[in-house]
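Trainee: Below is upload01.cif; it holds mmCIF, C-alpha atoms.
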```cif
data_model
loop_
_atom_site.label_atom_id
_atom_site.label_comp_id
_atom_site.auth_asym_id
_atom_site.auth_seq_id
_atom_site.Cartn_x
_atom_site.Cartn_y
_atom_site.Cartn_z
CA MET A 389 12.69 -24.59 9.21
CA GLN A 390 15.47 -25.02 6.72
CA PHE A 391 18.76 -23.36 7.53
CA GLU A 392 22.35 -24.04 6.60
CA LYS A 393 24.85 -22.99 9.27
CA ILE A 394 28.59 -22.46 8.90
CA LYS A 395 30.82 -21.37 11.76
CA LYS A 396 33.50 -19.05 10.45
CA GLY A 397 35.79 -17.43 13.02
CA ASP A 398 33.70 -15.41 15.43
CA TYR A 399 30.72 -15.34 13.05
CA LEU A 400 27.96 -17.81 12.41
CA ILE A 401 26.73 -17.76 8.83
CA VAL A 402 23.09 -18.73 8.64
CA LYS A 403 21.56 -19.34 5.24
CA PHE A 404 17.79 -19.43 5.08
CA LEU A 405 16.77 -21.89 2.39
CA GLY A 406 13.14 -20.91 1.94
CA ASN A 407 12.00 -18.82 -1.01
CA ARG A 408 9.48 -16.70 0.90
CA LEU A 409 9.91 -14.90 4.19
CA ASP A 410 6.36 -13.84 4.91
CA ALA A 411 3.59 -14.00 7.51
CA ASN A 412 3.27 -17.71 6.84
CA ILE A 413 6.77 -18.44 8.10
CA ALA A 414 7.80 -15.36 10.10
CA VAL A 415 7.11 -16.74 13.58
CA GLU A 416 8.88 -20.03 12.89
CA PHE A 417 11.80 -18.17 11.30
CA LYS A 418 12.09 -15.81 14.26
CA ASP A 419 11.94 -18.63 16.82
CA ALA A 420 14.66 -20.57 15.00
CA LEU A 421 16.95 -17.55 14.84
CA LEU A 422 16.25 -16.61 18.46
CA GLU A 423 17.27 -20.11 19.50
CA ILE A 424 20.62 -19.57 17.75
CA ILE A 425 21.02 -16.17 19.44
CA HIS A 426 20.11 -17.55 22.87
CA ASN A 427 22.74 -20.25 22.34
CA GLY A 428 25.30 -17.46 22.53
CA TYR A 429 25.80 -16.33 18.95
CA ASN A 430 25.64 -12.55 18.69
CA ARG A 431 27.55 -12.13 15.44
CA LEU A 432 25.45 -13.42 12.59
CA ILE A 433 25.64 -13.20 8.83
CA LEU A 434 22.17 -13.98 7.55
CA ASP A 435 22.17 -15.16 3.95
CA ILE A 436 18.76 -14.75 2.33
CA SER A 437 19.88 -15.23 -1.27
CA PRO A 438 17.28 -17.96 -1.95
CA VAL A 439 14.48 -15.64 -0.79
CA GLU A 440 12.35 -14.24 -3.59
CA PHE A 441 9.77 -12.46 -1.46
CA VAL A 442 9.79 -10.72 1.92
CA ASP A 443 6.78 -8.97 3.45
CA SER A 444 6.62 -6.73 6.52
CA SER A 445 6.11 -9.75 8.80
CA GLY A 446 9.36 -11.27 7.54
CA LEU A 447 11.15 -7.96 7.90
CA GLY A 448 9.70 -7.58 11.40
CA ALA A 449 11.07 -11.03 12.31
CA ILE A 450 14.58 -9.98 11.21
CA VAL A 451 14.31 -6.73 13.19
CA SER A 452 13.08 -8.62 16.24
CA CYS A 453 16.10 -10.95 16.11
CA TYR A 454 18.46 -8.00 15.76
CA LYS A 455 16.94 -6.37 18.85
CA ALA A 456 17.31 -9.64 20.76
CA MET A 457 21.04 -9.64 20.08
CA GLY A 458 21.53 -6.62 22.33
CA ASP A 459 23.90 -3.66 22.01
CA GLN A 460 26.90 -5.82 21.16
CA GLY A 461 25.06 -7.83 18.52
CA ILE A 462 26.00 -7.73 14.84
CA LEU A 463 23.56 -8.90 12.19
CA ILE A 464 24.69 -8.59 8.59
CA LEU A 465 22.37 -9.42 5.72
CA VAL A 466 23.66 -10.90 2.51
CA GLY A 467 22.20 -11.96 -0.82
CA LEU A 468 19.27 -9.53 -0.99
CA ARG A 469 17.68 -9.61 -4.42
CA HIS A 470 16.84 -6.21 -5.88
CA THR A 471 13.15 -6.88 -5.37
CA VAL A 472 13.64 -7.79 -1.70
CA ARG A 473 15.92 -4.80 -1.18
CA THR A 474 13.00 -2.54 -2.16
CA LEU A 475 11.18 -3.35 1.08
CA PHE A 476 14.23 -2.40 3.14
CA GLN A 477 14.51 0.87 1.21
CA LEU A 478 10.81 1.73 1.44
CA THR A 479 10.74 1.22 5.20
CA ARG A 480 14.22 2.76 5.57
CA MET A 481 15.36 -0.36 7.38
CA ASP A 482 18.34 -0.25 5.02
CA ARG A 483 19.77 2.25 7.55
CA ILE A 484 19.86 -0.48 10.20
CA PHE A 485 21.53 -3.38 8.47
CA LYS A 486 24.83 -3.68 6.68
CA THR A 487 24.35 -5.66 3.50
CA PHE A 488 26.70 -7.48 1.14
CA ASP A 489 26.21 -9.61 -1.94
CA THR A 490 27.82 -12.72 -0.44
CA TRP A 491 28.77 -13.97 3.01
CA GLN A 492 32.41 -14.15 1.88
CA GLU A 493 32.38 -10.40 1.15
CA ALA A 494 30.70 -9.71 4.47
CA PHE A 495 33.21 -11.80 6.35
CA GLU A 496 36.19 -10.15 4.64
CA ALA A 497 34.79 -6.68 5.34
CA THR A 498 34.52 -7.40 9.04
CA HIS A 499 38.05 -8.76 9.42
CA MET B 852 -5.52 -5.41 -23.35
CA THR B 853 -9.13 -6.44 -22.91
CA PRO B 854 -10.49 -5.27 -19.57
CA CYS B 855 -11.29 -8.16 -17.29
CA LYS B 856 -12.23 -8.94 -13.72
CA ILE B 857 -11.02 -11.88 -11.64
CA LYS B 858 -12.19 -12.85 -8.18
CA ILE B 859 -10.27 -15.04 -5.76
CA ILE B 860 -11.81 -16.26 -2.52
CA ILE B 861 -9.57 -17.72 0.18
CA SER B 862 -10.04 -18.70 3.78
CA SER B 863 -8.36 -16.39 6.23
CA SER B 864 -5.14 -18.32 6.77
CA VAL B 865 -1.67 -16.95 6.11
CA LYS B 866 -0.95 -20.28 4.39
CA ASN B 867 -3.11 -19.10 1.48
CA ILE B 868 -1.37 -15.77 0.97
CA PRO B 869 1.55 -17.03 -1.18
CA LEU B 870 -1.02 -18.32 -3.68
CA VAL B 871 -2.67 -14.89 -3.86
CA GLY B 872 0.75 -13.28 -4.23
CA ALA B 873 1.69 -15.60 -7.09
CA ILE B 874 -1.56 -14.89 -8.95
CA VAL B 875 -1.18 -11.13 -8.51
CA ASN B 876 2.41 -11.18 -9.71
CA LYS B 877 1.51 -13.26 -12.77
CA LEU B 878 -1.42 -11.00 -13.65
CA CYS B 879 0.87 -7.97 -13.46
CA SER B 880 3.04 -9.56 -16.14
CA PHE B 881 0.14 -8.98 -18.56
CA THR B 882 0.38 -5.24 -17.93
CA PRO B 883 3.14 -2.76 -18.85
CA LEU B 884 4.40 -2.90 -15.25
CA SER B 885 8.04 -3.89 -14.75
CA GLU B 886 9.18 -6.93 -12.79
CA LEU B 887 10.06 -4.68 -9.85
CA GLU B 888 6.73 -2.86 -9.94
CA SER B 889 4.92 -6.20 -10.13
CA TYR B 890 6.80 -7.36 -7.05
CA LYS B 891 5.81 -4.20 -5.19
CA ILE B 892 2.16 -4.66 -6.13
CA GLU B 893 2.28 -8.27 -4.97
CA LEU B 894 3.72 -6.95 -1.71
CA CYS B 895 0.80 -4.50 -1.28
CA VAL B 896 -1.88 -7.14 -1.85
CA VAL B 897 -0.09 -9.55 0.50
CA GLU B 898 0.07 -6.81 3.16
CA ALA B 899 -3.64 -6.07 2.70
CA CYS B 900 -4.56 -9.77 3.08
CA ASN B 901 -2.28 -10.08 6.11
CA ASN B 902 -4.07 -7.11 7.68
CA SER B 903 -7.47 -8.72 7.09
CA ILE B 904 -6.30 -11.90 8.79
CA GLU B 905 -4.50 -10.24 11.68
CA HIS B 906 -6.69 -7.23 12.41
CA ALA B 907 -10.16 -7.94 11.00
CA TYR B 908 -10.29 -11.66 11.81
CA LYS B 909 -7.84 -11.71 14.75
CA ASN B 910 -5.96 -14.64 13.19
CA GLN B 911 -9.03 -16.88 13.03
CA CYS B 912 -8.72 -18.96 9.87
CA ASN B 913 -12.34 -19.98 9.22
CA HIS B 914 -13.43 -16.76 7.51
CA GLU B 915 -13.41 -15.54 3.92
CA ILE B 916 -11.29 -12.97 2.17
CA GLU B 917 -12.27 -11.92 -1.35
CA ILE B 918 -9.74 -10.41 -3.68
CA GLU B 919 -11.26 -8.86 -6.78
CA ILE B 920 -8.81 -7.84 -9.47
CA SER B 921 -9.83 -5.52 -12.32
CA LEU B 922 -7.43 -5.16 -15.21
CA SER B 923 -8.01 -2.30 -17.62
CA ILE B 924 -6.12 -0.43 -20.26
CA ASP B 925 -4.54 2.06 -17.90
CA GLN B 926 -4.67 0.57 -14.41
CA ILE B 927 -4.90 -2.51 -12.22
CA LYS B 928 -7.32 -2.34 -9.32
CA PHE B 929 -7.63 -4.64 -6.32
CA GLN B 930 -10.47 -4.83 -3.84
CA ILE B 931 -9.59 -6.83 -0.75
CA CYS B 932 -12.75 -7.59 1.19
CA ASP B 933 -13.40 -9.19 4.55
CA TYR B 934 -16.31 -9.39 6.98
CA GLY B 935 -14.33 -8.89 10.16
CA LYS B 936 -13.73 -6.06 12.59
CA PRO B 937 -13.86 -2.65 10.89
CA MET B 938 -10.84 -0.42 10.64
CA ASN B 939 -10.86 2.77 12.66
CA GLY B 940 -12.27 5.38 10.29
CA GLN B 941 -10.66 6.36 7.04
CA ILE B 942 -7.12 5.56 6.06
CA LYS B 943 -4.77 8.34 7.00
CA VAL B 944 -1.50 9.04 5.29
CA THR B 945 0.56 6.94 7.64
CA LYS B 946 4.08 7.81 8.63
CA PHE B 947 6.67 5.24 9.47
CA GLU B 948 9.45 6.91 11.36
CA PHE B 949 12.00 5.63 13.84
CA ASP B 950 15.39 6.45 15.23
CA PRO B 951 17.89 4.03 13.64
CA ASN B 952 20.18 4.45 16.65
CA ASP B 953 17.51 3.44 19.15
CA ILE B 954 17.82 -0.30 18.58
CA LYS B 955 15.57 -1.30 21.50
CA ASN B 956 12.62 0.60 20.02
CA LEU B 957 12.95 -0.36 16.38
CA PRO B 958 9.48 -1.09 14.98
CA GLU B 959 8.65 -4.71 14.17
CA GLY B 960 5.24 -4.04 12.66
CA GLY B 961 2.86 -1.30 11.60
CA MET B 962 4.39 -1.08 8.13
CA GLY B 963 1.58 -2.49 5.96
CA LEU B 964 -0.49 0.61 5.28
CA TYR B 965 2.61 2.74 4.96
CA ILE B 966 3.96 0.38 2.29
CA MET B 967 0.65 0.40 0.40
CA ASN B 968 0.53 4.21 0.49
CA CYS B 969 4.09 4.43 -0.82
CA ILE B 970 3.54 2.08 -3.74
CA MET B 971 -0.06 2.49 -4.87
CA ASP B 972 -1.64 5.47 -6.61
CA GLU B 973 -4.82 5.04 -4.60
CA VAL B 974 -5.55 3.40 -1.24
CA ARG B 975 -9.16 3.66 -0.11
CA TYR B 976 -11.15 2.04 2.67
CA GLN B 977 -14.91 1.61 2.82
CA ARG B 978 -17.15 -0.21 5.25
CA GLY B 979 -20.67 -1.21 4.33
CA ARG B 980 -23.13 -4.01 5.15
CA GLY B 981 -20.64 -5.63 7.49
CA LYS B 982 -17.96 -5.69 4.79
CA ASN B 983 -14.53 -4.06 4.85
CA ILE B 984 -13.34 -3.08 1.38
CA LEU B 985 -9.79 -1.94 0.81
CA THR B 986 -9.26 -0.64 -2.71
CA LEU B 987 -5.77 -0.42 -4.17
CA VAL B 988 -5.15 1.12 -7.58
CA LYS B 989 -1.97 1.23 -9.63
CA LYS B 990 -1.95 3.18 -12.88
CA TYR B 991 0.41 2.47 -15.75
#
```
Could the structure of this file be written out as structure tokens, please?

Mentor:
Amino acid sequence: MQFEKIKKGDYLIVKFLGNRLDANIAVEFKDALLEIIHNGYNRLILDISPVEFVDSSGLGAIVSCYKAMGDQGILILVGLRHTVRTLFQLTRMDRIFKTFDTWQEAFEATH
Amino acid sequence: MTPCKIKIIISSSVKNIPLVGAIVNKLCSFTPLSELESYKIELCVVEACNNSIEHAYKNQCNHEIEIEISLSIDQIKFQICDYGKPMNGQIKVTKFEFDPNDIKNLPEGGMGLYIMNCIMDEVRYQRGRGKNILTLVKKY
């Protein structure tokens, strides 16, 4: 699982480097993120700018990680392409997640 | 555009789904559909194939899924066929509702049919001779 991680203040920025977040990768993706969460990070900025395609399994994996973060958890999504954003809008999951174009914008908005 | 029919046969592994998605997306580029609409149609076919693998074949990867694509002057039609467990009856207009404030109970699945119903002009299920056929139609 390819991730880039940057610690920035009280946030961990996690960039997923794959170009598809689908049923083929969803379980592995979820397990990798859960490991980060279980290591004590509950403020995450997830950068999915390289991702060209997300299906409901990929979306479900993101939701599952958010739920695992508990009431105090913050999961911000950044870099959603307009095609990917469609899935969030269709399922109305765009009500759950704050989104920004870049992790820098997300970080500034939270501080 | 000259009407044509293309059939893809894959084994029931999620590893094969990106290939199907890429073919569907490319075929859509030969229609008047926009890039965004093509993406949404790719999403529907991927969801249908995922359902065949997960629900009909219970994640066993040694079965076949057939995807028949019919391109015509005014629509693109997909028939996603498997020989696994049948669906329960006809497809209902599925709702996908949740309380965004109830984090613990946010849904992690059950979105596939809802997505297909939102995007496609026609979603139809038939079962016959041991075969599940899901038909998806998008007009343009």

Trainee: Using Å and a single decimal, report how far CA of Met457 (chain A) sits from CA of Thr487 (chain A).

Mentor: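 Separation of CA of Thr487 (chain A) and CA of Met457 (chain A): 17.4 Å.
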
Trainee: Please compute the CA of Asn983 (chain B)-CA of Ile916 (chain B) distance, one decimal, in Å.

Mentor: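 CA of Asn983 (chain B) sits 9.9 Å away from CA of Ile916 (chain B).
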
Trainee: Residues picked by the PyMOL selection byres ((chain A) within 12 of (chain B)) here, as a ChimeraX atom specification?

Mentor: /A:407-415,418,440-462,469-485

Trainee: List the spatial neighbours of Cys855 (chain B) as a list of chain:residue names - criterion: any atom at most 10 Å away, all atoms listed in the file, same-chain residues fewer than 2 positions off excluded.

Mentor: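 Returned residues: B:Met852, B:Thr853, B:Ile857, B:Ile920, B:Ser921, B:Leu922, B:Ser923, B:Ile924, B:Ile927.
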
Trainee: Apply the PyMOL selection byres ((chain A and resi 438) around 9) to the displayed file and report the matching residues as a PyMOL selection string.

Mentor: chain A and resi 403-408+435-437+439-440+467-469

Trainee: Could you expand the PyMOL selection byres ((chain B and resi 984) around 9) into the explicit residues it covers here, written as a list of chain:residue names?

Mentor: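 That selection, the PyMOL selection byres ((chain B and resi 984) around 9), comes back as B:Gln930, B:Ile931, B:Cys932, B:Asp933, B:Tyr934, B:Arg975, B:Tyr976, B:Gln977, B:Arg978, B:Gly979, B:Lys982, B:Asn983, B:Leu985, B:Thr986.
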
Trainee: Quick one: pull the distance between CA of Asn913 (chain B) and CA of Phe929 (chain B), Å, one decimal.

Mentor: 22.3 Å

Trainee: Could you pull the residues within 8 Å of Ile464 (chain A), counting only C-alpha atoms, minus those fewer than 6 positions along the same chain, as a list in words?

Mentor: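 Within the cut-off, the hits are Leu432, Ile433, Leu434, Phe485, Lys486, Thr487, Phe488 and Ala494 of chain A.
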
Trainee: Take the residues just selected and output them with C-alpha atoms as a PDB file, in the frame of the given file.

Mentor:
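Okay, selection_19.pdb is ready:
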```pdb
ATOM      1  CA  LEU A 432      25.450 -13.420  12.590  1.00  0.00           C
ATOM      2  CA  ILE A 433      25.640 -13.200   8.830  1.00  0.00           C
ATOM      3  CA  LEU A 434      22.170 -13.980   7.550  1.00  0.00           C
ATOM      4  CA  PHE A 485      21.530  -3.380   8.470  1.00  0.00           C
ATOM      5  CA  LYS A 486      24.830  -3.680   6.680  1.00  0.00           C
ATOM      6  CA  THR A 487      24.350  -5.660   3.500  1.00  0.00           C
ATOM      7  CA  PHE A 488      26.700  -7.480   1.140  1.00  0.00           C
ATOM      8  CA  ALA A 494      30.700  -9.710   4.470  1.00  0.00           C
TER       9      ALA A 494
END
```

Trainee: For Asn939 (chain B), which residue among B:Leu878, B:Val988, B:Ala907, B:Val871 is the nearest when counting all atoms listed in the file?

Mentor: B:Ala907

Trainee: Measuring between only C-alpha atoms, which one of B:Met938, B:Cys912, B:Asn968, B:Pro854 shows the shortest distance to Phe881 (chain B)?

Mentor: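 Among B:Met938, B:Cys912, B:Asn968, B:Pro854, it is B:Pro854 that comes nearest to Phe881 (chain B).
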